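Content type compact mmCIF, C-alpha atoms, from the file coords_26.txt:
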```txt
# COMPACT_ATOMS: atom_id res chain seq x y z
CA MET A 1 75.52 108.40 121.60
CA ILE A 2 73.23 109.64 124.42
CA LYS A 3 74.53 113.15 123.87
CA LYS A 4 73.62 112.93 120.17
CA ILE A 5 70.09 111.71 120.92
CA THR A 6 69.62 114.47 123.51
CA LEU A 7 70.78 117.03 120.98
CA ILE A 8 68.41 115.71 118.30
CA ILE A 9 65.49 115.73 120.74
CA ALA A 10 66.37 119.28 121.79
CA ILE A 11 66.47 120.45 118.16
CA LEU A 12 63.16 118.73 117.38
CA PHE A 13 61.58 120.29 120.47
CA LEU A 14 62.83 123.73 119.41
CA CYS A 15 61.46 123.31 115.88
CA LEU A 16 58.09 122.12 117.19
CA THR A 17 57.87 125.01 119.66
CA SER A 18 58.70 127.53 116.89
CA VAL A 19 56.02 126.08 114.60
CA LEU A 20 53.46 126.13 117.40
CA PHE A 21 54.41 129.71 118.29
CA ILE A 22 54.12 130.94 114.72
CA ASN A 23 50.84 129.06 114.30
CA ALA A 24 49.41 130.38 117.56
CA THR A 25 50.22 133.94 116.66
CA THR A 26 48.97 133.81 113.10
CA ASN A 27 45.92 131.54 113.15
CA ASP A 28 43.58 134.38 114.14
CA PHE A 29 44.96 136.49 111.33
CA GLU A 30 42.83 137.12 108.22
CA SER A 31 45.13 136.88 105.22
CA ARG A 32 42.80 138.77 102.85
CA THR A 33 42.40 141.65 105.29
CA GLY A 34 46.07 142.48 104.97
CA GLY A 35 48.08 144.73 107.25
CA LEU A 36 50.78 143.73 109.69
CA HIS A 37 48.42 143.99 112.66
CA GLN A 38 44.67 143.44 112.77
CA ILE A 39 41.86 144.52 115.05
CA LYS A 40 39.82 141.39 115.75
CA ASP A 41 37.10 142.92 117.86
CA MET A 42 36.32 145.84 120.09
CA SER A 43 34.37 146.54 123.26
CA MET A 44 33.59 149.56 125.41
CA ASP A 45 33.27 150.40 129.05
CA LEU A 46 30.85 153.32 129.33
CA ASN A 47 29.85 153.05 132.96
CA ASN A 48 31.25 156.40 134.09
CA GLN A 49 29.74 159.71 133.17
CA ASP A 50 33.00 161.48 132.34
CA GLU A 51 35.05 158.54 131.20
CA ALA A 52 34.99 156.02 128.40
CA LYS A 53 37.19 153.05 127.74
CA ILE A 54 37.48 151.54 124.28
CA ILE A 55 39.22 148.19 124.05
CA PHE A 56 40.60 146.91 120.77
CA ASN A 57 41.42 143.20 120.71
CA MET A 58 44.30 142.67 118.35
CA ALA A 59 45.74 139.85 116.29
CA ASN A 60 49.50 139.90 115.91
CA SER A 61 50.23 143.02 117.94
CA PRO A 62 53.40 142.38 120.00
CA ASN A 63 55.47 144.93 118.08
CA MET A 64 52.66 147.25 117.14
CA THR A 65 53.38 150.94 117.23
CA LYS A 66 50.73 152.84 119.14
CA PRO A 67 48.46 154.91 116.91
CA LYS A 68 49.17 158.61 116.56
CA VAL A 69 46.61 160.59 118.57
CA THR A 70 45.29 163.98 117.48
CA ILE A 71 42.39 165.85 119.03
CA LEU A 72 40.38 167.77 116.46
CA GLY A 73 37.93 170.57 117.12
CA GLU A 74 34.46 171.02 115.70
CA ASP A 75 35.45 172.67 112.43
CA GLU A 76 38.47 170.56 111.69
CA PRO A 77 37.99 168.19 108.76
CA VAL A 78 38.22 164.43 108.94
CA PHE A 79 39.19 161.85 106.35
CA PHE A 80 36.38 160.66 104.14
CA GLY A 81 37.25 158.64 101.05
CA GLU A 82 40.31 160.22 99.51
CA LYS A 83 39.55 163.66 100.86
CA LYS A 84 39.00 165.51 104.10
CA VAL A 85 35.58 166.88 104.94
CA GLU A 86 33.87 168.52 107.89
CA ASP A 87 31.65 166.08 109.75
CA PRO A 88 29.62 167.70 112.53
CA SER A 89 27.76 164.42 113.10
CA LEU A 90 30.78 163.01 114.90
CA GLY A 91 30.58 165.43 117.82
CA LYS A 92 32.15 168.64 119.01
CA TYR A 93 35.58 167.08 119.47
CA LYS A 94 37.14 164.21 117.59
CA VAL A 95 39.93 161.96 118.80
CA GLU A 96 41.81 160.83 115.71
CA LEU A 97 43.68 157.54 116.15
CA MET A 98 45.94 157.01 113.14
CA PHE A 99 47.14 153.43 112.77
CA THR A 100 49.94 152.27 110.48
CA ASP A 101 49.93 148.81 108.87
CA THR A 102 46.82 147.93 110.89
CA ARG A 103 43.51 146.72 109.49
CA ILE A 104 40.14 145.78 110.93
CA GLN A 105 38.96 142.22 110.42
CA LYS A 106 36.02 141.67 108.14
CA GLU A 107 33.20 141.16 110.64
CA VAL A 108 33.94 144.32 112.65
CA ARG A 109 34.73 146.20 109.45
CA ASN A 110 31.32 145.34 108.06
CA ARG A 111 29.58 146.32 111.29
CA LEU A 112 31.33 149.69 111.42
CA GLY A 113 31.21 150.51 107.71
CA LEU A 114 32.39 153.97 106.70
CA LYS A 115 29.53 155.87 108.29
CA THR A 116 29.35 157.72 111.59
CA ASN A 117 28.09 155.26 114.21
CA SER A 118 26.27 157.10 116.96
CA ILE A 119 26.41 155.84 120.53
CA ASN A 120 23.29 156.64 122.49
CA THR A 121 23.15 157.45 126.17
CA LYS A 122 22.35 153.87 127.03
CA GLY A 123 25.67 152.76 125.63
CA SER A 124 24.41 150.80 122.67
CA LEU A 125 24.57 152.05 119.16
CA LEU A 126 21.63 153.63 117.47
CA GLU A 127 22.05 151.67 114.29
CA GLY A 128 22.04 147.96 115.02
CA SER A 129 24.42 146.05 117.19
CA LEU A 130 27.82 147.43 116.43
CA LEU A 131 29.42 146.06 119.54
CA GLN A 132 29.18 142.48 120.61
CA ASN A 133 29.44 143.36 124.29
CA ALA A 134 27.67 146.70 124.28
CA PRO A 135 26.40 147.58 127.74
CA THR A 136 22.66 148.14 127.92
CA ILE A 137 22.82 150.81 130.61
CA SER A 138 25.36 153.57 130.67
CA LYS A 139 25.83 156.87 132.41
CA ASN A 140 28.40 157.96 129.89
CA SER A 141 28.02 161.35 128.30
CA LEU A 142 31.48 161.79 126.82
CA LEU A 143 31.73 159.38 123.90
CA GLN A 144 29.13 160.09 121.21
CA SER A 145 30.22 158.35 118.05
CA ILE A 146 32.76 156.20 116.28
CA LYS A 147 33.85 156.17 112.67
CA VAL A 148 36.53 154.47 110.58
CA ALA A 149 38.24 156.16 107.64
CA TYR A 150 41.06 155.33 105.28
CA PRO A 151 43.39 158.15 104.22
CA PRO A 152 44.65 157.82 100.63
CA ASP A 153 47.54 155.59 101.64
CA ASP A 154 47.51 151.81 101.64
CA SER A 155 49.18 151.60 105.07
CA LEU A 156 46.99 154.03 107.03
CA MET A 157 43.71 153.64 108.86
CA VAL A 158 42.01 156.15 111.11
CA ILE A 159 39.45 155.65 113.88
CA TYR A 160 37.57 158.72 115.02
CA LEU A 161 36.00 158.88 118.46
CA GLY A 162 33.48 161.71 118.62
CA CYS A 163 33.23 163.38 122.04
CA LYS A 164 30.90 165.90 123.62
CA SER A 165 33.71 167.73 125.42
CA LYS A 166 37.47 167.91 124.95
CA PRO A 167 38.90 164.67 126.32
CA ASN A 168 42.24 163.62 127.77
CA VAL A 169 43.47 160.54 125.94
CA ASP A 170 45.57 157.78 127.41
CA LEU A 171 46.66 154.72 125.42
CA GLN A 172 47.66 151.45 127.00
CA GLN A 173 48.94 148.30 125.37
CA GLU A 174 48.40 145.07 127.28
CA ASN A 175 49.04 141.66 125.79
CA ASN A 176 46.93 141.67 122.65
CA GLN A 177 44.82 144.66 123.59
CA LEU A 178 45.00 148.32 122.86
CA ILE A 179 43.03 150.30 125.43
CA VAL A 180 41.98 153.88 124.82
CA ASN A 181 40.95 155.78 127.95
CA LEU A 182 39.02 158.98 127.44
CA LYS A 183 38.39 161.38 130.31
CA THR A 184 36.67 164.72 130.34
CA ASN A 185 39.31 167.43 130.40
CA MET B 1 87.27 196.36 80.53
CA LYS B 2 83.81 196.91 81.97
CA LYS B 3 82.19 195.52 78.80
CA ARG B 4 84.37 192.43 79.03
CA ASN B 5 83.38 191.86 82.66
CA LEU B 6 79.72 192.29 81.80
CA MET B 7 80.09 189.77 78.96
CA ILE B 8 81.74 187.23 81.26
CA ILE B 9 78.94 187.67 83.83
CA ALA B 10 76.28 187.27 81.10
CA ILE B 11 77.94 184.07 79.83
CA LEU B 12 78.17 182.70 83.39
CA ILE B 13 74.49 183.47 84.04
CA SER B 14 73.51 181.76 80.76
CA ILE B 15 75.53 178.65 81.65
CA ILE B 16 73.99 178.48 85.15
CA THR B 17 70.47 178.92 83.70
CA ILE B 18 70.97 176.20 81.06
CA GLU B 19 72.45 173.83 83.66
CA GLY B 20 69.57 174.65 86.00
CA ILE B 21 66.96 173.81 83.37
CA ALA B 22 68.81 170.62 82.46
CA TYR B 23 69.00 169.61 86.13
CA ALA B 24 65.34 170.39 86.78
CA SER B 25 64.12 168.27 83.93
CA THR B 26 66.30 165.45 82.70
CA SER B 27 65.82 164.47 79.10
CA TRP B 28 66.39 160.74 78.64
CA GLU B 29 67.00 158.72 75.51
CA PRO B 30 63.63 157.38 74.25
CA GLN B 31 62.60 154.16 76.00
CA PRO B 32 60.38 151.45 74.52
CA TYR B 33 56.74 151.47 75.56
CA PRO B 34 56.08 148.25 77.47
CA TYR B 35 52.90 146.36 76.63
CA MET B 36 50.17 147.13 79.14
CA TYR B 37 46.85 145.43 79.75
CA SER B 38 43.96 147.87 79.74
CA ARG B 39 41.41 148.35 82.51
CA THR B 40 38.92 146.44 80.39
CA ALA B 41 41.20 143.39 80.57
CA TRP B 42 40.60 143.13 84.30
CA ASP B 43 36.97 144.21 84.08
CA ALA B 44 37.55 147.40 86.07
CA ARG B 45 34.65 149.26 87.60
CA SER B 46 34.24 152.87 86.52
CA ALA B 47 36.15 155.34 88.63
CA ASP B 48 34.30 158.12 90.42
CA THR B 49 36.30 160.87 88.76
CA SER B 50 34.24 163.60 90.43
CA ASP B 51 36.00 162.66 93.65
CA MET B 52 39.49 162.57 92.15
CA THR B 53 42.16 165.27 91.94
CA THR B 54 44.10 166.02 88.78
CA ARG B 55 47.69 164.89 89.21
CA GLY B 56 50.38 167.52 89.42
CA GLU B 57 53.98 166.97 88.45
CA GLY B 58 55.34 164.01 90.32
CA ASP B 59 59.06 163.47 90.60
CA CYS B 60 59.39 159.79 91.32
CA LEU B 61 57.82 156.34 91.23
CA ILE B 62 56.66 154.73 94.48
CA PHE B 63 56.54 150.93 94.78
CA HIS B 64 54.05 148.97 96.90
CA HIS B 65 52.90 145.42 97.51
CA THR B 66 49.26 144.41 97.89
CA ALA B 67 50.09 142.54 101.14
CA TRP B 68 47.86 139.69 99.95
CA ASN B 69 49.65 136.43 99.36
CA PHE B 70 49.52 135.78 95.62
CA SER B 71 51.70 133.81 93.24
CA SER B 72 49.50 132.74 90.33
CA THR B 73 50.64 133.56 86.82
CA SER B 74 47.29 132.78 85.21
CA LEU B 75 45.83 135.70 83.28
CA SER B 76 42.35 135.25 84.72
CA ASP B 77 43.60 134.87 88.32
CA CYS B 78 45.65 138.04 88.01
CA ALA B 79 42.72 139.97 86.52
CA GLU B 80 40.49 138.76 89.35
CA GLU B 81 43.09 139.71 91.97
CA ILE B 82 43.33 143.27 90.60
CA ARG B 83 39.55 143.51 90.61
CA ASP B 84 39.56 142.38 94.27
CA VAL B 85 42.05 145.15 95.11
CA GLN B 86 39.80 147.66 93.38
CA ASP B 87 36.73 146.38 95.26
CA TYR B 88 38.63 146.59 98.54
CA HIS B 89 39.77 150.15 97.84
CA MET B 90 36.38 151.37 96.64
CA ASP B 91 34.00 149.48 98.95
CA ASP B 92 36.01 149.10 102.14
CA ASN B 93 38.24 152.18 102.01
CA GLY B 94 35.87 154.51 100.22
CA TYR B 95 38.33 155.42 97.46
CA ALA B 96 37.16 156.64 94.06
CA ASP B 97 39.06 153.90 92.20
CA ILE B 98 41.91 151.45 92.69
CA GLY B 99 44.63 153.41 94.51
CA TYR B 100 47.59 152.51 92.25
CA HIS B 101 48.38 153.73 88.74
CA TYR B 102 50.02 150.52 87.54
CA VAL B 103 49.91 146.89 88.65
CA ILE B 104 52.55 144.23 87.99
CA ASP B 105 51.75 140.54 88.33
CA PRO B 106 54.03 137.55 89.08
CA SER B 107 54.47 136.72 85.40
CA GLY B 108 55.61 140.25 84.61
CA ARG B 109 52.44 141.58 82.98
CA ILE B 110 51.83 145.29 83.42
CA TRP B 111 48.22 146.37 83.96
CA ARG B 112 46.81 149.86 83.92
CA GLY B 113 45.23 150.89 87.21
CA ARG B 114 43.92 154.34 87.99
CA SER B 115 44.51 156.84 85.18
CA ASP B 116 47.75 158.67 85.87
CA ASN B 117 46.02 161.92 84.96
CA TYR B 118 44.71 161.70 88.52
CA GLU B 119 46.41 161.59 91.90
CA GLY B 120 46.73 158.12 93.35
CA ALA B 121 45.61 156.85 96.74
CA HIS B 122 48.75 155.00 97.78
CA THR B 123 51.15 157.28 99.70
CA TYR B 124 49.59 160.04 101.76
CA SER B 125 50.93 163.53 100.92
CA ASN B 126 52.88 162.06 97.98
CA ASN B 127 50.04 160.96 95.73
CA GLU B 128 51.12 163.24 92.90
CA ASN B 129 53.78 160.59 92.27
CA ILE B 130 53.05 157.45 90.30
CA GLY B 131 52.11 154.45 92.47
CA ILE B 132 53.08 150.99 91.22
CA VAL B 133 51.97 147.86 93.03
CA VAL B 134 53.27 144.34 92.64
CA LEU B 135 50.71 141.60 93.42
CA GLY B 136 51.82 139.61 96.47
CA ASP B 137 52.78 139.81 100.10
CA PHE B 138 56.52 140.38 100.37
CA GLU B 139 56.56 140.77 104.15
CA GLY B 140 54.53 137.85 105.58
CA TYR B 141 54.84 137.22 109.27
CA TRP B 142 58.44 138.11 110.17
CA GLY B 143 59.19 136.99 106.64
CA VAL B 144 57.42 133.63 107.11
CA GLY B 145 54.95 132.79 104.36
CA ALA B 146 55.95 135.75 102.23
CA ASN B 147 56.01 135.70 98.45
CA ARG B 148 59.29 136.22 96.61
CA LEU B 149 59.60 138.73 93.79
CA THR B 150 59.87 136.86 90.49
CA ASP B 151 62.46 137.72 87.82
CA ASP B 152 59.60 138.48 85.44
CA SER B 153 58.05 140.97 87.88
CA PHE B 154 61.43 142.62 88.35
CA ASP B 155 61.95 142.89 84.57
CA ALA B 156 58.52 144.54 84.30
CA MET B 157 59.41 146.96 87.11
CA CYS B 158 62.54 147.94 85.12
CA SER B 159 60.84 148.41 81.75
CA LEU B 160 57.91 150.35 83.24
CA SER B 161 60.23 152.56 85.30
CA LYS B 162 62.42 153.35 82.29
CA TRP B 163 59.46 154.25 80.13
CA LEU B 164 57.83 156.44 82.81
CA ALA B 165 61.16 158.12 83.58
CA TYR B 166 61.55 158.95 79.90
CA ARG B 167 57.93 160.07 79.44
CA ASP B 168 57.89 162.30 82.54
CA SER B 169 61.59 163.34 82.45
CA LEU B 170 62.13 162.11 85.99
CA ASP B 171 65.47 162.63 87.68
CA LEU B 172 67.56 159.89 89.22
CA PRO B 173 67.02 158.27 91.67
CA ILE B 174 63.63 157.49 90.14
CA ALA B 175 62.45 154.54 92.24
CA TYR B 176 61.37 154.63 95.88
CA ASN B 177 59.68 152.26 98.30
CA HIS B 178 56.51 153.28 100.14
CA SER B 179 58.54 152.85 103.33
CA ASP B 180 60.80 155.73 102.24
CA PHE B 181 57.89 158.08 102.90
CA SER B 182 56.31 156.69 106.05
CA SER B 183 56.87 154.17 108.82
CA THR B 184 55.18 151.32 106.98
CA VAL B 185 56.70 147.92 106.12
CA CYS B 186 55.26 148.22 102.58
CA PRO B 187 56.45 146.85 100.12
CA GLY B 188 57.91 144.20 102.40
CA ARG B 189 61.36 142.86 103.16
CA TYR B 190 61.52 140.64 100.06
CA MET B 191 60.79 143.49 97.65
CA GLU B 192 62.29 146.52 99.35
CA TYR B 193 65.90 145.74 98.53
CA TYR B 194 65.07 145.00 94.90
CA VAL B 195 63.86 148.58 94.59
CA TRP B 196 66.72 150.09 96.58
CA ASP B 197 69.59 148.14 95.06
CA ASP B 198 68.74 146.31 91.88
CA LEU B 199 66.16 148.62 90.31
CA ARG B 200 68.03 151.79 91.21
CA GLY B 201 71.31 150.27 90.05
CA HIS B 202 69.67 149.15 86.82
CA LEU B 203 68.23 152.59 86.15
CA ASN B 204 71.52 154.32 86.99
CA THR B 205 73.27 152.09 84.47
CA TYR B 206 70.78 152.04 81.62
CA MET B 207 69.15 155.45 81.59
CA GLU B 208 71.14 157.62 79.21
CA GLU B 209 70.61 161.32 78.82
CA SER B 210 69.87 162.49 75.30
```
Rewrite the structure of this file - the entire thing - as structure tokens.
Amino acid sequence: MIKKITLIIAILFLCLTSVLFINATTNDFESRTGGLHQIKDMSMDLNNQDEAKIIFNMANSPNMTKPKVTILGEDEPVFFGEKKVEDPSLGKYKVELMFTDTRIQKEVRNRLGLKTNSINTKGSLLEGSLLQNAPTISKNSLLQSIKVAYPPDDSLMVIYLGCKSKPNVDLQQENNQLIVNLKTN
Amino acid sequence: MKKRNLMIIAILISIITIEGIAYASTSWEPQPYPYMYSRTAWDARSADTSDMTTRGEGDCLIFHHTAWNFSSTSLSDCAEEIRDVQDYHMDDNGYADIGYHYVIDPSGRIWRGRSDNYEGAHTYSNNENIGIVVLGDFEGYWGVGANRLTDDSFDAMCSLSKWLAYRDSLDLPIAYNHSDFSSTVCPGRYMEYYVWDDLRGHLNTYMEES
């Protein structure tokens, strides 16, 4: 009898834990944004002259595949709408981060839009407050701009990081964060 | 003797050529045109055709899901959902129109999306092929909370595929999932196998060459 009760309690505990786990991992997920993974927010560390750190806070990212990284030169086209165009406003070099099944949540999406967002030398963005935690003083001279684009494919999203010089790119995944480290080559 | 050999070679070449043409473009028995709701029925915005590319010859149909949970069978709800997809594609993604050529809803209605005279915006590098989306999220979170493909949607997938295969003389296997072309989970675990097994099996059985 005691064994039976213990077993029932164990099963109930397991069910409850599973429900809580699923709830905890999905409650910060925007259903209408879609995608398997979502970028909730982003911040930047621009306190070094030759380095920049971009931190993407993710929802539902435990099994996320890291984005494909490509470094594009000045004349190489970038995605814009359904096509590719040259965009010198981004900077001399562009780091292309291509995400699969990943979307940006509405608030950040609205702040970024589809335009090129310039980052001034003080670390904040020229056009409004793109970043919630944008530093007010920065020595950074590497990262110049950021832009989001959607290739003509419902599973792809691209984030461009415009740089003054050719950067080395290092990606790190920690808990629910994707950290992009840029360093002057 | 030489003439006879030449004749045999000529006949062989003719046979190979005819077979080659037949293989390259399969001619199917005529298939019934399924009823389709027009763009007006879902109050579509005008497409920016100046930004669109004329579609070349595609060789297959690619199936997608919208990845938005949806199960309503109401005509007005479905029309509104398609309009939301178009808004999302045009306003958030910067596309010239809704990315898919055809849309299927949970009650099996077929709706016209982007004109199939133009390339779609659904499968990068393969947009010359027709893109068909079924309203719903067939993946969910590890399968939790996902929609299930309805019998009516599946019947619509069959009738639309047969008609398009006939119209465009597509070769078997006609139907593919988005995930066959890239590392995406689209169209989700609860739709993928319908395309791979049931739809392909159905088309293999019922498409007859004329």
Do you have the CA of Gln173 (chain A)-CA of Leu97 (chain A) distance handy?
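Spanning CA of Gln173 (chain A) to CA of Leu97 (chain A) is a straight-line distance of 14.1 Å.
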Give as a compact mmCIF listing (two decimals) with C-alpha atoms, keeping the file's coordinate frame every residue, naming chains and numbers as the document does, that has an atom within 12 Å of (72.1, 162.7, 91.6), counting all atoms listed in the file.
```txt
# COMPACT_ATOMS: atom_id res chain seq x y z
CA TYR B 23 69.00 169.61 86.13
CA ALA B 24 65.34 170.39 86.78
CA THR B 26 66.30 165.45 82.70
CA LEU B 170 62.13 162.11 85.99
CA ASP B 171 65.47 162.63 87.68
CA LEU B 172 67.56 159.89 89.22
CA PRO B 173 67.02 158.27 91.67
CA ILE B 174 63.63 157.49 90.14
CA ARG B 200 68.03 151.79 91.21
CA ASN B 204 71.52 154.32 86.99
```
Centre, edges in Å (one decimal): axis-aligned box, region 43-58 of chain A, 4 Å padding on all six sides, as AutoDock Vina command-line options:
```
--center_x 37.0 --center_y 152.1 --center_z 126.2 --size_x 22.6 --size_y 26.8 --size_z 23.7
```
Mind checking which residues fall within 10 Å of Glu76 (chain A), counting all atoms listed in the file, ignoring those fewer than 2 positions away in the same chain, and posting them as a compact mmCIF listing (two decimals) with C-alpha atoms, in the coordinates of the input?
```txt
# COMPACT_ATOMS: atom_id res chain seq x y z
CA ILE A 71 42.39 165.85 119.03
CA LEU A 72 40.38 167.77 116.46
CA GLY A 73 37.93 170.57 117.12
CA GLU A 74 34.46 171.02 115.70
CA VAL A 78 38.22 164.43 108.94
CA LYS A 84 39.00 165.51 104.10
CA VAL A 85 35.58 166.88 104.94
CA GLU A 86 33.87 168.52 107.89
CA ASP A 87 31.65 166.08 109.75
CA PRO A 88 29.62 167.70 112.53
CA LYS A 92 32.15 168.64 119.01
CA TYR A 93 35.58 167.08 119.47
CA LYS A 94 37.14 164.21 117.59
```
Which residues are near Trp28 (chain B)? Cut-off 12 Å, all atoms listed in the file, ignore same chain within fewer than 2 positions. Put them as a compact mmCIF listing (two decimals) with C-alpha atoms, in the coordinates of the input.
```
# COMPACT_ATOMS: atom_id res chain seq x y z
CA ALA B 22 68.81 170.62 82.46
CA TYR B 23 69.00 169.61 86.13
CA SER B 25 64.12 168.27 83.93
CA THR B 26 66.30 165.45 82.70
CA PRO B 30 63.63 157.38 74.25
CA GLN B 31 62.60 154.16 76.00
CA PRO B 32 60.38 151.45 74.52
CA LYS B 162 62.42 153.35 82.29
CA TRP B 163 59.46 154.25 80.13
CA LEU B 164 57.83 156.44 82.81
CA ALA B 165 61.16 158.12 83.58
CA TYR B 166 61.55 158.95 79.90
CA ARG B 167 57.93 160.07 79.44
CA ASP B 168 57.89 162.30 82.54
CA SER B 169 61.59 163.34 82.45
CA LEU B 170 62.13 162.11 85.99
CA ASP B 171 65.47 162.63 87.68
CA LEU B 172 67.56 159.89 89.22
CA LEU B 203 68.23 152.59 86.15
CA ASN B 204 71.52 154.32 86.99
CA TYR B 206 70.78 152.04 81.62
CA MET B 207 69.15 155.45 81.59
CA GLU B 208 71.14 157.62 79.21
CA GLU B 209 70.61 161.32 78.82
CA SER B 210 69.87 162.49 75.30
```
Using only C-alpha atoms, which residue out of A:Arg111, A:Lys106, A:Arg32, A:Lys66 lies closest to Val180 (chain A)?
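Nearest candidate to Val180 (chain A) out of A:Arg111, A:Lys106, A:Arg32, A:Lys66: A:Lys66.
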Compute the chain B side of the contact with chain A at 7 Å, counting all atoms listed in the file, and hand it back as an NGL selection string.
:B and (67-68 or 93-95 or 121-124 or 184)
CA of Tyr118 (chain B) and CA of Met90 (chain B) are how many Å apart?
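We find that CA of Tyr118 (chain B) and CA of Met90 (chain B) lie 15.6 Å from each other.
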Limit the output to N, CA and C atoms and give region 22-42 of chain B as a compact mmCIF listing (two decimals), in the first residue's frame.
```txt
# COMPACT_ATOMS: atom_id res chain seq x y z
N ALA B 22 10.14 12.44 -73.15
CA ALA B 22 9.06 11.97 -72.27
C ALA B 22 9.49 12.05 -70.81
N TYR B 23 10.76 11.70 -70.53
CA TYR B 23 11.26 11.73 -69.16
C TYR B 23 11.34 13.16 -68.64
N ALA B 24 11.81 14.06 -69.53
CA ALA B 24 12.01 15.45 -69.11
C ALA B 24 10.69 16.13 -68.78
N SER B 25 9.66 15.77 -69.46
CA SER B 25 8.38 16.44 -69.23
C SER B 25 7.25 15.42 -69.24
N THR B 26 6.83 15.03 -68.07
CA THR B 26 5.80 14.00 -67.99
C THR B 26 4.44 14.61 -68.34
N SER B 27 3.70 13.87 -69.15
CA SER B 27 2.37 14.35 -69.51
C SER B 27 1.34 13.51 -68.76
N TRP B 28 0.64 14.16 -67.83
CA TRP B 28 -0.32 13.44 -66.99
C TRP B 28 -1.72 13.51 -67.57
N GLU B 29 -2.53 12.57 -67.17
CA GLU B 29 -3.97 12.61 -67.48
C GLU B 29 -4.53 13.91 -66.89
N PRO B 30 -5.46 14.58 -67.58
CA PRO B 30 -6.02 15.83 -67.05
C PRO B 30 -6.57 15.65 -65.62
N GLN B 31 -6.32 16.62 -64.78
CA GLN B 31 -6.79 16.58 -63.40
C GLN B 31 -7.79 17.71 -63.17
N PRO B 32 -8.79 17.47 -62.36
CA PRO B 32 -9.80 18.53 -62.13
C PRO B 32 -9.20 19.75 -61.44
N TYR B 33 -9.69 20.91 -61.84
CA TYR B 33 -9.23 22.17 -61.25
C TYR B 33 -9.93 22.34 -59.90
N PRO B 34 -9.17 22.39 -58.82
CA PRO B 34 -9.85 22.55 -57.52
C PRO B 34 -10.31 23.99 -57.32
N TYR B 35 -11.43 24.17 -56.62
CA TYR B 35 -11.91 25.54 -56.39
C TYR B 35 -10.90 26.31 -55.54
N MET B 36 -10.62 27.53 -55.96
CA MET B 36 -9.67 28.35 -55.21
C MET B 36 -10.28 29.71 -54.89
N TYR B 37 -10.07 30.16 -53.70
CA TYR B 37 -10.50 31.50 -53.31
C TYR B 37 -9.49 32.52 -53.85
N SER B 38 -10.02 33.60 -54.38
CA SER B 38 -9.15 34.60 -55.00
C SER B 38 -8.47 35.46 -53.93
N ARG B 39 -7.56 36.29 -54.34
CA ARG B 39 -6.89 37.22 -53.42
C ARG B 39 -7.89 38.23 -52.84
N THR B 40 -8.89 38.55 -53.65
CA THR B 40 -9.90 39.50 -53.17
C THR B 40 -10.63 38.92 -51.95
N ALA B 41 -10.81 37.60 -51.95
CA ALA B 41 -11.55 36.95 -50.85
C ALA B 41 -10.86 37.13 -49.51
N TRP B 42 -9.55 37.31 -49.53
CA TRP B 42 -8.88 37.56 -48.24
C TRP B 42 -8.37 39.00 -48.14
```
